[in-house]
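final_23.cif follows (mmCIF, C-alpha atoms):
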```cif
data_my_file
#
loop_
_atom_site.label_atom_id
_atom_site.label_comp_id
_atom_site.auth_asym_id
_atom_site.auth_seq_id
_atom_site.Cartn_x
_atom_site.Cartn_y
_atom_site.Cartn_z
CA MET A 186 6.79 -14.17 15.81
CA SER A 187 10.06 -12.66 14.70
CA ILE A 188 10.77 -10.32 11.79
CA GLU A 189 13.18 -11.48 9.08
CA ARG A 190 14.94 -8.81 7.03
CA HIS A 191 17.32 -8.96 4.06
CA GLY A 192 19.39 -6.19 2.48
CA THR A 193 18.88 -3.81 5.38
CA THR A 194 20.38 -0.33 5.19
CA ARG A 195 19.76 2.68 7.42
CA ARG A 196 16.88 3.65 5.12
CA TYR A 197 15.14 0.48 4.02
CA SER A 198 15.29 -3.29 3.75
CA ASP A 199 15.09 -5.06 0.40
CA VAL A 200 12.57 -7.53 1.80
CA VAL A 201 10.93 -8.11 5.18
CA ALA A 202 9.02 -11.20 6.29
CA HIS A 203 6.73 -11.53 9.28
CA GLY A 204 4.71 -14.63 10.02
CA ASP A 205 3.14 -15.81 6.78
CA THR A 206 3.60 -12.50 4.94
CA VAL A 207 6.42 -10.95 2.93
CA TYR A 208 6.81 -7.24 2.07
CA LEU A 209 9.17 -5.76 -0.49
CA VAL A 210 9.73 -2.72 -2.66
CA GLU A 211 11.94 -2.86 -5.74
CA VAL A 212 13.20 -0.58 -8.50
CA PRO A 213 15.07 -1.59 -11.66
CA PRO A 214 18.78 -2.21 -11.13
CA SER A 215 19.34 -0.93 -14.68
CA PRO A 216 18.04 2.63 -15.05
CA ASP A 217 19.40 3.05 -18.59
CA ALA A 218 17.11 0.36 -20.07
CA ASP A 219 13.73 1.09 -21.68
CA ILE A 220 10.48 0.28 -19.91
CA GLY A 221 10.58 -3.35 -21.05
CA GLY A 222 14.12 -3.85 -19.82
CA GLN A 223 13.56 -1.97 -16.57
CA THR A 224 10.44 -4.00 -15.81
CA ARG A 225 12.13 -7.29 -16.69
CA ASP A 226 15.16 -6.59 -14.51
CA MET A 227 13.02 -5.29 -11.65
CA LEU A 228 10.79 -8.38 -11.69
CA ALA A 229 13.81 -10.70 -11.86
CA SER A 230 15.04 -8.98 -8.72
CA VAL A 231 11.59 -9.27 -7.09
CA GLU A 232 11.71 -12.99 -7.84
CA ARG A 233 15.06 -13.39 -6.09
CA LEU A 234 13.92 -11.41 -3.06
CA LEU A 235 10.72 -13.44 -2.74
CA ILE A 236 12.66 -16.71 -2.76
CA GLN A 237 15.13 -15.29 -0.24
CA ALA A 238 12.22 -14.57 2.11
CA GLY A 239 10.52 -17.94 1.65
CA SER A 240 7.92 -17.00 -0.97
CA ASP A 241 7.82 -17.03 -4.77
CA LYS A 242 6.18 -15.20 -7.66
CA SER A 243 3.14 -17.49 -7.67
CA ARG A 244 2.22 -16.29 -4.19
CA LEU A 245 1.74 -12.52 -4.70
CA LEU A 246 -1.19 -11.03 -2.78
CA LEU A 247 -1.10 -7.30 -3.58
CA ALA A 248 1.12 -5.39 -6.01
CA THR A 249 1.32 -1.60 -6.34
CA ILE A 250 3.08 -0.44 -9.48
CA TYR A 251 4.30 3.15 -9.83
CA LEU A 252 5.04 4.37 -13.34
CA ARG A 253 6.91 7.63 -13.96
CA ASP A 254 4.89 8.01 -17.14
CA MET A 255 1.57 6.27 -17.81
CA ALA A 256 2.63 6.09 -21.48
CA ASP A 257 4.74 3.12 -20.32
CA TYR A 258 1.64 1.20 -19.21
CA ALA A 259 1.53 -1.17 -22.20
CA GLY A 260 5.29 -1.76 -22.17
CA MET A 261 5.26 -2.61 -18.46
CA ASN A 262 2.20 -4.84 -18.81
CA ALA A 263 3.70 -6.87 -21.67
CA VAL A 264 6.48 -7.96 -19.31
CA TRP A 265 4.24 -8.28 -16.24
CA ASP A 266 1.64 -10.44 -18.00
CA ALA A 267 4.31 -12.90 -19.15
CA TRP A 268 6.06 -12.93 -15.75
CA VAL A 269 3.11 -13.75 -13.49
CA PRO A 270 2.37 -17.50 -13.48
CA GLU A 271 -1.04 -18.07 -15.05
CA GLY A 272 -3.87 -18.21 -12.53
CA THR A 273 -1.88 -16.60 -9.72
CA ALA A 274 -2.12 -12.86 -10.43
CA PRO A 275 -2.46 -10.69 -7.30
CA ALA A 276 -4.72 -7.73 -6.64
CA ARG A 277 -2.92 -4.92 -8.46
CA ALA A 278 -2.97 -1.12 -8.57
CA CYS A 279 -0.99 0.89 -11.10
CA ILE A 280 -0.63 4.65 -10.86
CA GLU A 281 1.57 7.33 -12.35
CA ALA A 282 3.93 9.02 -9.91
CA ARG A 283 7.19 10.93 -9.92
CA LEU A 284 9.86 8.72 -8.31
CA ALA A 285 12.99 9.64 -6.39
CA ASP A 286 15.43 8.78 -9.19
CA PRO A 287 14.42 10.49 -12.47
CA GLU A 288 15.99 7.68 -14.55
CA ILE A 289 13.77 5.05 -12.97
CA ARG A 290 10.58 4.47 -14.99
CA VAL A 291 8.90 1.89 -12.72
CA GLU A 292 8.81 0.87 -9.05
CA ILE A 293 6.85 -1.92 -7.36
CA ALA A 294 5.65 -2.64 -3.84
CA VAL A 295 4.63 -6.24 -3.20
CA ILE A 296 2.88 -8.11 -0.40
CA ALA A 297 3.23 -11.88 -0.81
CA ALA A 298 2.48 -15.08 1.07
CA ARG A 299 5.24 -17.23 2.48
CA LEU A 300 5.37 -20.84 1.47
CA PRO A 301 3.30 -22.90 3.89
CA THR A 302 6.07 -25.41 4.49
CA ARG A 303 8.36 -22.80 5.95
CA MET B 1346 -2.32 -21.73 4.44
CA SER B 1347 -3.66 -21.52 0.92
CA ILE B 1348 -4.35 -18.46 -1.24
CA GLU B 1349 -7.93 -17.87 -2.43
CA ARG B 1350 -8.41 -15.76 -5.57
CA HIS B 1351 -11.50 -14.49 -7.39
CA GLY B 1352 -11.77 -12.82 -10.80
CA THR B 1353 -8.28 -13.83 -11.84
CA THR B 1354 -6.99 -12.71 -15.24
CA ARG B 1355 -3.45 -12.84 -16.60
CA ARG B 1356 -2.84 -9.38 -15.09
CA TYR B 1357 -4.63 -9.23 -11.77
CA SER B 1358 -7.19 -10.81 -9.48
CA ASP B 1359 -10.25 -8.91 -8.29
CA VAL B 1360 -9.70 -10.08 -4.73
CA VAL B 1361 -7.16 -12.31 -2.99
CA ALA B 1362 -7.44 -13.81 0.49
CA HIS B 1363 -4.68 -15.37 2.55
CA GLY B 1364 -5.13 -16.51 6.12
CA ASP B 1365 -7.09 -13.86 7.97
CA THR B 1366 -6.42 -11.10 5.44
CA VAL B 1367 -8.09 -9.96 2.21
CA TYR B 1368 -6.52 -7.78 -0.51
CA LEU B 1369 -8.35 -6.05 -3.33
CA VAL B 1370 -8.08 -3.20 -5.82
CA GLU B 1371 -11.15 -1.76 -7.50
CA VAL B 1372 -12.06 0.91 -10.02
CA PRO B 1373 -15.54 2.17 -10.90
CA PRO B 1374 -17.40 -0.09 -13.35
CA SER B 1375 -19.08 3.07 -14.70
CA PRO B 1376 -16.50 5.53 -16.02
CA ASP B 1377 -19.08 7.92 -17.44
CA ALA B 1378 -20.53 8.83 -14.01
CA ASP B 1379 -19.43 11.84 -11.94
CA ILE B 1380 -17.22 11.41 -8.87
CA GLY B 1381 -20.22 10.63 -6.65
CA GLY B 1382 -21.51 7.96 -9.01
CA GLN B 1383 -18.07 6.49 -9.68
CA THR B 1384 -17.31 6.26 -5.95
CA ARG B 1385 -20.72 4.76 -5.18
CA ASP B 1386 -20.43 2.09 -7.87
CA MET B 1387 -16.82 1.32 -6.96
CA LEU B 1388 -17.65 0.88 -3.28
CA ALA B 1389 -20.67 -1.30 -4.10
CA SER B 1390 -18.27 -3.50 -6.05
CA VAL B 1391 -15.76 -3.48 -3.16
CA GLU B 1392 -18.57 -4.63 -0.88
CA ARG B 1393 -19.39 -7.59 -3.14
CA LEU B 1394 -15.73 -8.60 -3.45
CA LEU B 1395 -15.23 -8.44 0.32
CA ILE B 1396 -18.18 -10.71 0.94
CA GLN B 1397 -16.97 -13.08 -1.78
CA ALA B 1398 -13.65 -13.40 0.07
CA GLY B 1399 -15.17 -13.85 3.52
CA SER B 1400 -14.96 -10.29 4.81
CA ASP B 1401 -17.27 -7.28 4.79
CA LYS B 1402 -17.12 -3.48 4.76
CA SER B 1403 -17.05 -3.24 8.56
CA ARG B 1404 -13.69 -5.07 8.61
CA LEU B 1405 -11.48 -2.74 6.54
CA LEU B 1406 -7.94 -2.35 7.89
CA LEU B 1407 -6.19 -0.06 5.40
CA ALA B 1408 -7.58 1.80 2.40
CA THR B 1409 -5.54 3.70 -0.19
CA ILE B 1410 -7.63 5.98 -2.40
CA TYR B 1411 -6.23 7.36 -5.64
CA LEU B 1412 -8.00 10.38 -7.13
CA ARG B 1413 -7.31 11.58 -10.66
CA ASP B 1414 -8.03 15.11 -9.47
CA MET B 1415 -7.87 16.20 -5.82
CA ALA B 1416 -10.77 18.57 -6.63
CA ASP B 1417 -12.93 15.42 -6.31
CA TYR B 1418 -11.89 14.97 -2.66
CA ALA B 1419 -15.15 16.28 -1.15
CA GLY B 1420 -17.33 14.44 -3.66
CA MET B 1421 -15.55 11.15 -2.96
CA ASN B 1422 -15.65 11.67 0.80
CA ALA B 1423 -19.39 12.37 0.85
CA VAL B 1424 -19.99 8.86 -0.50
CA TRP B 1425 -17.19 7.23 1.52
CA ASP B 1426 -18.34 8.71 4.84
CA ALA B 1427 -21.87 7.38 4.33
CA TRP B 1428 -20.66 3.97 3.12
CA VAL B 1429 -18.31 3.05 5.98
CA PRO B 1430 -20.27 1.62 8.95
CA GLU B 1431 -19.91 4.03 11.87
CA GLY B 1432 -17.08 3.16 14.23
CA THR B 1433 -15.32 0.85 11.77
CA ALA B 1434 -13.32 3.21 9.53
CA PRO B 1435 -9.88 1.90 8.49
CA ALA B 1436 -6.55 3.67 8.37
CA ARG B 1437 -6.82 5.64 5.11
CA ALA B 1438 -4.52 7.46 2.71
CA CYS B 1439 -5.81 9.55 -0.19
CA ILE B 1440 -3.51 10.93 -2.88
CA GLU B 1441 -3.87 12.41 -6.33
CA ALA B 1442 -2.49 10.27 -9.13
CA ARG B 1443 -2.91 9.78 -12.85
CA LEU B 1444 -4.59 6.41 -13.44
CA ALA B 1445 -4.37 4.01 -16.36
CA ASP B 1446 -7.83 4.79 -17.76
CA PRO B 1447 -8.31 8.57 -18.20
CA GLU B 1448 -12.08 8.28 -17.67
CA ILE B 1449 -11.63 6.76 -14.22
CA ARG B 1450 -11.68 9.42 -11.48
CA VAL B 1451 -11.04 7.16 -8.47
CA GLU B 1452 -9.36 3.86 -7.60
CA ILE B 1453 -9.07 2.07 -4.26
CA ALA B 1454 -6.75 -0.54 -2.75
CA VAL B 1455 -8.09 -2.26 0.36
CA ILE B 1456 -6.66 -4.58 2.98
CA ALA B 1457 -9.41 -6.13 5.12
CA ALA B 1458 -9.85 -8.75 7.81
CA ARG B 1459 -11.66 -11.98 7.15
CA LEU B 1460 -14.57 -12.89 9.33
CA PRO B 1461 -13.32 -14.84 12.35
CA THR B 1462 -15.88 -17.62 11.89
CA ARG B 1463 -14.49 -18.55 8.53
CA MET C 1195 -9.54 -12.43 15.86
CA SER C 1196 -10.92 -9.01 16.65
CA ILE C 1197 -10.00 -5.63 15.14
CA GLU C 1198 -8.64 -2.94 17.46
CA ARG C 1199 -9.04 0.68 16.38
CA HIS C 1200 -7.87 3.99 17.87
CA GLY C 1201 -8.82 7.54 16.90
CA THR C 1202 -11.77 6.44 14.82
CA THR C 1203 -13.81 9.10 12.98
CA ARG C 1204 -16.47 8.64 10.32
CA ARG C 1205 -13.70 8.78 7.70
CA TYR C 1206 -10.68 6.96 9.09
CA SER C 1207 -8.98 5.51 12.13
CA ASP C 1208 -5.59 6.73 13.31
CA VAL C 1209 -4.40 3.16 13.75
CA VAL C 1210 -5.94 -0.28 13.29
CA ALA C 1211 -4.57 -3.59 14.59
CA HIS C 1212 -5.61 -7.07 13.53
CA GLY C 1213 -3.89 -10.21 14.73
CA ASP C 1214 -0.16 -9.63 14.60
CA THR C 1215 -0.34 -6.67 12.22
CA VAL C 1216 -0.82 -2.92 12.67
CA TYR C 1217 -1.91 -0.44 9.96
CA LEU C 1218 -1.70 3.35 10.18
CA VAL C 1219 -1.60 6.47 8.04
CA GLU C 1220 -0.26 9.73 9.43
CA VAL C 1221 0.29 13.32 8.31
CA PRO C 1222 2.21 16.03 10.15
CA PRO C 1223 0.24 17.70 12.94
CA SER C 1224 2.16 20.90 12.15
CA PRO C 1225 1.60 21.97 8.53
CA ASP C 1226 3.46 25.27 8.96
CA ALA C 1227 6.85 23.60 9.60
CA ASP C 1228 9.43 22.88 6.89
CA ILE C 1229 10.00 19.34 5.58
CA GLY C 1230 12.34 18.49 8.45
CA GLY C 1231 9.87 19.67 11.07
CA GLN C 1232 6.87 18.09 9.36
CA THR C 1233 8.66 14.74 9.04
CA ARG C 1234 9.89 14.86 12.65
CA ASP C 1235 6.43 15.66 14.04
CA MET C 1236 4.75 13.08 11.80
CA LEU C 1237 7.16 10.33 12.84
CA ALA C 1238 6.77 11.23 16.53
CA SER C 1239 3.05 10.77 16.04
CA VAL C 1240 3.61 7.46 14.20
CA GLU C 1241 5.69 6.32 17.18
CA ARG C 1242 2.88 7.08 19.62
CA LEU C 1243 0.29 5.34 17.46
CA LEU C 1244 2.45 2.23 17.10
CA ILE C 1245 2.87 1.95 20.85
CA GLN C 1246 -0.85 2.51 21.36
CA ALA C 1247 -1.53 -0.47 19.07
CA GLY C 1248 1.06 -2.77 20.65
CA SER C 1249 3.94 -2.25 18.22
CA ASP C 1250 6.92 0.10 18.06
CA LYS C 1251 9.17 1.79 15.50
CA SER C 1252 11.63 -1.12 15.45
CA ARG C 1253 8.89 -3.39 14.04
CA LEU C 1254 7.96 -1.63 10.77
CA LEU C 1255 7.30 -3.98 7.84
CA LEU C 1256 6.32 -1.71 4.94
CA ALA C 1257 6.29 2.09 4.73
CA THR C 1258 4.88 4.14 1.86
CA ILE C 1259 5.95 7.78 1.93
CA TYR C 1260 4.11 10.39 -0.14
CA LEU C 1261 5.92 13.67 -0.78
CA ARG C 1262 4.14 16.71 -2.20
CA ASP C 1263 7.40 17.68 -3.85
CA MET C 1264 10.25 15.25 -4.56
CA ALA C 1265 12.62 18.17 -3.88
CA ASP C 1266 11.94 17.38 -0.20
CA TYR C 1267 13.41 13.87 -0.58
CA ALA C 1268 16.75 14.65 1.11
CA GLY C 1269 15.12 16.67 3.90
CA MET C 1270 12.66 13.90 4.67
CA ASN C 1271 15.35 11.21 4.53
CA ALA C 1272 17.64 13.05 6.96
CA VAL C 1273 14.93 12.76 9.61
CA TRP C 1274 13.81 9.26 8.59
CA ASP C 1275 17.34 7.79 8.63
CA ALA C 1276 17.94 9.07 12.17
CA TRP C 1277 14.49 7.95 13.38
CA VAL C 1278 14.53 4.31 12.28
CA PRO C 1279 16.43 2.13 14.78
CA GLU C 1280 19.57 0.78 13.08
CA GLY C 1281 19.09 -2.65 11.53
CA THR C 1282 15.29 -2.50 11.58
CA ALA C 1283 14.38 -0.48 8.46
CA PRO C 1284 11.25 -1.71 6.64
CA ALA C 1285 10.62 -2.19 2.95
CA ARG C 1286 9.98 1.39 1.78
CA ALA C 1287 8.49 3.15 -1.23
CA CYS C 1288 8.61 6.92 -1.68
CA ILE C 1289 6.69 8.70 -4.42
CA GLU C 1290 5.63 12.25 -5.22
CA ALA C 1291 1.91 12.90 -5.00
CA ARG C 1292 -0.47 15.78 -4.49
CA LEU C 1293 -2.10 15.40 -1.06
CA ALA C 1294 -5.49 16.51 0.23
CA ASP C 1295 -4.17 19.41 2.32
CA PRO C 1296 -1.89 21.67 0.24
CA GLU C 1297 0.12 22.71 3.34
CA ILE C 1298 1.09 19.10 4.08
CA ARG C 1299 4.44 18.19 2.51
CA VAL C 1300 4.60 14.52 3.58
CA GLU C 1301 2.26 11.64 4.45
CA ILE C 1302 3.08 8.07 5.49
CA ALA C 1303 1.27 4.74 5.43
CA VAL C 1304 2.78 2.05 7.67
CA ILE C 1305 2.28 -1.67 8.14
CA ALA C 1306 3.99 -2.91 11.30
CA ALA C 1307 4.24 -6.05 13.42
CA ARG C 1308 2.72 -6.22 16.87
CA LEU C 1309 4.93 -7.15 19.76
CA PRO C 1310 4.93 -10.93 20.15
CA THR C 1311 4.18 -10.76 23.87
CA ARG C 1312 0.86 -9.05 23.30
#
```
Could you quickly redo this structure as structure tokens?
Amino acid sequence: MSIERHGTTRRYSDVVAHGDTVYLVEVPPSPDADIGGQTRDMLASVERLLIQAGSDKSRLLLATIYLRDMADYAGMNAVWDAWVPEGTAPARACIEARLADPEIRVEIAVIAARLPTR
Amino acid sequence: MSIERHGTTRRYSDVVAHGDTVYLVEVPPSPDADIGGQTRDMLASVERLLIQAGSDKSRLLLATIYLRDMADYAGMNAVWDAWVPEGTAPARACIEARLADPEIRVEIAVIAARLPTR
Amino acid sequence: MSIERHGTTRRYSDVVAHGDTVYLVEVPPSPDADIGGQTRDMLASVERLLIQAGSDKSRLLLATIYLRDMADYAGMNAVWDAWVPEGTAPARACIEARLADPEIRVEIAVIAARLPTR
């Protein structure tokens, strides 16, 4: 069972797939946006990475969301709730944490299932 | 390989199973209890969710525990150590983090193995 | 599909393997070292645990790094970047968080793939 990686640098890969499971971590590509914009852009990027690795946003298993400031909880959730296809929400944790880049307000780690036809 | 979900809302599922693996995140149902009571009630809920998804508390693989205040570390551990069946403890991380609900003192993310007979 | 555990105490296991997947959490064995030394010693220990469980450091899938102080980000990364075999970096999150032991500057949770020949 081989490991498939995309966007691999010396430090990290954008997305890694192994067997039936996909792993990814993403931050917003647009650090100057507000929490709504950062979340929207981050999730659009998550969606692309999932498809690249043979999954999609209806197949999330576990999401861990890191917020720089818990005051952004409602703003992040407004975008999240609309983004997740109804009836497919994953197990989800959301905590406040200082992130590496001070402009980044949100970061997400995702474990997802690959499409069965792959 | 299909995805099984329980307790699914627009935002999250209580527990998600895929193949041989179960994913869940839980908080205490009783935010007015002390750390011992919150941990006890949370772990009782984890136990129910695991069974619902075809696993049990002797099949934990990885647990991530978030504490609002690291001063609760000993109080959480006293309950945890008694709850985990001897010889079956998972890999475990425990960090301090601000959580969404300020009354909640502890939150847990769990990856577990499904029972092989399933 | 049985669960394989190593270094199991009442509270945690050093490493747990299930099917094709390995889970571990590690802290530095040497809390009096600086961030470079703590990261180096921690990753050497991760390497041993991975091999013990039938994986190796070229088969990481997802790493979550907790830093006590984000000011250690560059010092941790210098060791990390040299440690990960080129072209094999996992998905990776890194956040700041208070840890249980105040002398510990870094902690890591790893999900890795077992060697296919196992």
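Applied to this file, the PyMOL selection byres ((chain C) within 8 of (chain B)) selects Met1195, Ser1196, Ile1197, Arg1199, Thr1202, Thr1203, Arg1204, Arg1205, Tyr1206, Ser1207, Asp1208, Val1209, Val1210, Ala1211, His1212, Tyr1217, Leu1218, Val1219, Ala1291, Arg1292, Leu1293, Ala1294 and Ala1303 of chain C.
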### Message
So the first atom is CA of Pro1296 in chain C and the second is CA of Pro1222 in chain C; what is the distance between them in Å, to one decimal place?
### Response
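Between these atoms lies a distance of 12.1 Å.
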### Query
Which polymer residues, protein or nucleic acid, are no farther than 7 Å from (-12.3, -0.6, -9.4), counting only C-alpha atoms, as a list in words?
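Those residues lying close to the given coordinates are Val1370, Glu1371, Val1372, Pro1373, Pro1374, Met1387, Glu1452 and Ile1453 of chain B.
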#### Entry: Between CA of Gly204 in chain A and CA of Leu235 in chain A - distance in Å to one decimal
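It comes out at 14.2 Å.
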### Message
Here is a test: counting all atoms listed in the file, which residue of B:Asp1401, B:Glu1448, B:Glu1349, B:Glu1392 is nearest to Ile1380 in chain B?
### Response
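Among the listed residues, B:Glu1448 lies closest to Ile1380 in chain B.
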Got a moment to write range 1220-1275 of chain C out with C-alpha atoms, as a PDB file, in the first residue's frame?
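Final output, out_8.pdb:
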```
ATOM      1  CA  GLU C1220       6.320  11.776  21.980  1.00  0.00           C
ATOM      2  CA  VAL C1221       7.975  14.427  24.135  1.00  0.00           C
ATOM      3  CA  PRO C1222      11.705  15.075  24.519  1.00  0.00           C
ATOM      4  CA  PRO C1223      13.436  12.694  26.930  1.00  0.00           C
ATOM      5  CA  SER C1224      15.787  15.577  27.809  1.00  0.00           C
ATOM      6  CA  PRO C1225      13.829  18.559  29.159  1.00  0.00           C
ATOM      7  CA  ASP C1226      16.975  20.519  30.080  1.00  0.00           C
ATOM      8  CA  ALA C1227      18.126  20.907  26.448  1.00  0.00           C
ATOM      9  CA  ASP C1228      17.306  23.909  24.253  1.00  0.00           C
ATOM     10  CA  ILE C1229      14.703  23.685  21.472  1.00  0.00           C
ATOM     11  CA  GLY C1230      17.212  22.211  19.030  1.00  0.00           C
ATOM     12  CA  GLY C1231      18.302  19.522  21.469  1.00  0.00           C
ATOM     13  CA  GLN C1232      14.769  18.760  22.636  1.00  0.00           C
ATOM     14  CA  THR C1233      13.530  18.422  19.056  1.00  0.00           C
ATOM     15  CA  ARG C1234      16.514  16.268  18.040  1.00  0.00           C
ATOM     16  CA  ASP C1235      16.096  13.904  20.995  1.00  0.00           C
ATOM     17  CA  MET C1236      12.322  13.744  20.552  1.00  0.00           C
ATOM     18  CA  LEU C1237      12.601  12.901  16.852  1.00  0.00           C
ATOM     19  CA  ALA C1238      15.264  10.258  17.543  1.00  0.00           C
ATOM     20  CA  SER C1239      12.791   8.684  19.931  1.00  0.00           C
ATOM     21  CA  VAL C1240       9.985   8.955  17.342  1.00  0.00           C
ATOM     22  CA  GLU C1241      12.259   7.150  14.886  1.00  0.00           C
ATOM     23  CA  ARG C1242      12.823   4.265  17.290  1.00  0.00           C
ATOM     24  CA  LEU C1243       9.117   3.968  18.082  1.00  0.00           C
ATOM     25  CA  LEU C1244       8.176   3.946  14.399  1.00  0.00           C
ATOM     26  CA  ILE C1245      10.602   1.127  13.672  1.00  0.00           C
ATOM     27  CA  GLN C1246       9.355  -0.784  16.712  1.00  0.00           C
ATOM     28  CA  ALA C1247       5.828  -0.601  15.275  1.00  0.00           C
ATOM     29  CA  GLY C1248       6.802  -1.580  11.727  1.00  0.00           C
ATOM     30  CA  SER C1249       7.031   1.877  10.153  1.00  0.00           C
ATOM     31  CA  ASP C1250       9.819   4.405   9.650  1.00  0.00           C
ATOM     32  CA  LYS C1251      10.325   8.158   9.346  1.00  0.00           C
ATOM     33  CA  SER C1252       9.847   8.126   5.570  1.00  0.00           C
ATOM     34  CA  ARG C1253       6.243   6.956   6.050  1.00  0.00           C
ATOM     35  CA  LEU C1254       4.722   9.790   8.129  1.00  0.00           C
ATOM     36  CA  LEU C1255       1.163  10.730   7.146  1.00  0.00           C
ATOM     37  CA  LEU C1256       0.152  13.473   9.593  1.00  0.00           C
ATOM     38  CA  ALA C1257       2.213  15.246  12.252  1.00  0.00           C
ATOM     39  CA  THR C1258       0.878  17.661  14.859  1.00  0.00           C
ATOM     40  CA  ILE C1259       3.586  19.660  16.602  1.00  0.00           C
ATOM     41  CA  TYR C1260       2.862  21.503  19.855  1.00  0.00           C
ATOM     42  CA  LEU C1261       5.295  24.249  20.859  1.00  0.00           C
ATOM     43  CA  ARG C1262       5.264  25.803  24.327  1.00  0.00           C
ATOM     44  CA  ASP C1263       6.440  29.034  22.744  1.00  0.00           C
ATOM     45  CA  MET C1264       6.027  29.888  19.053  1.00  0.00           C
ATOM     46  CA  ALA C1265       9.361  31.731  19.329  1.00  0.00           C
ATOM     47  CA  ASP C1266      10.883  28.229  19.053  1.00  0.00           C
ATOM     48  CA  TYR C1267       9.345  27.720  15.594  1.00  0.00           C
ATOM     49  CA  ALA C1268      12.569  28.325  13.634  1.00  0.00           C
ATOM     50  CA  GLY C1269      14.687  26.269  16.038  1.00  0.00           C
ATOM     51  CA  MET C1270      12.309  23.326  15.840  1.00  0.00           C
ATOM     52  CA  ASN C1271      12.015  23.562  12.060  1.00  0.00           C
ATOM     53  CA  ALA C1272      15.793  23.553  11.534  1.00  0.00           C
ATOM     54  CA  VAL C1273      15.929  20.100  13.130  1.00  0.00           C
ATOM     55  CA  TRP C1274      12.672  18.872  11.578  1.00  0.00           C
ATOM     56  CA  ASP C1275      13.635  19.882   8.017  1.00  0.00           C
TER      57      ASP C1275
END
```
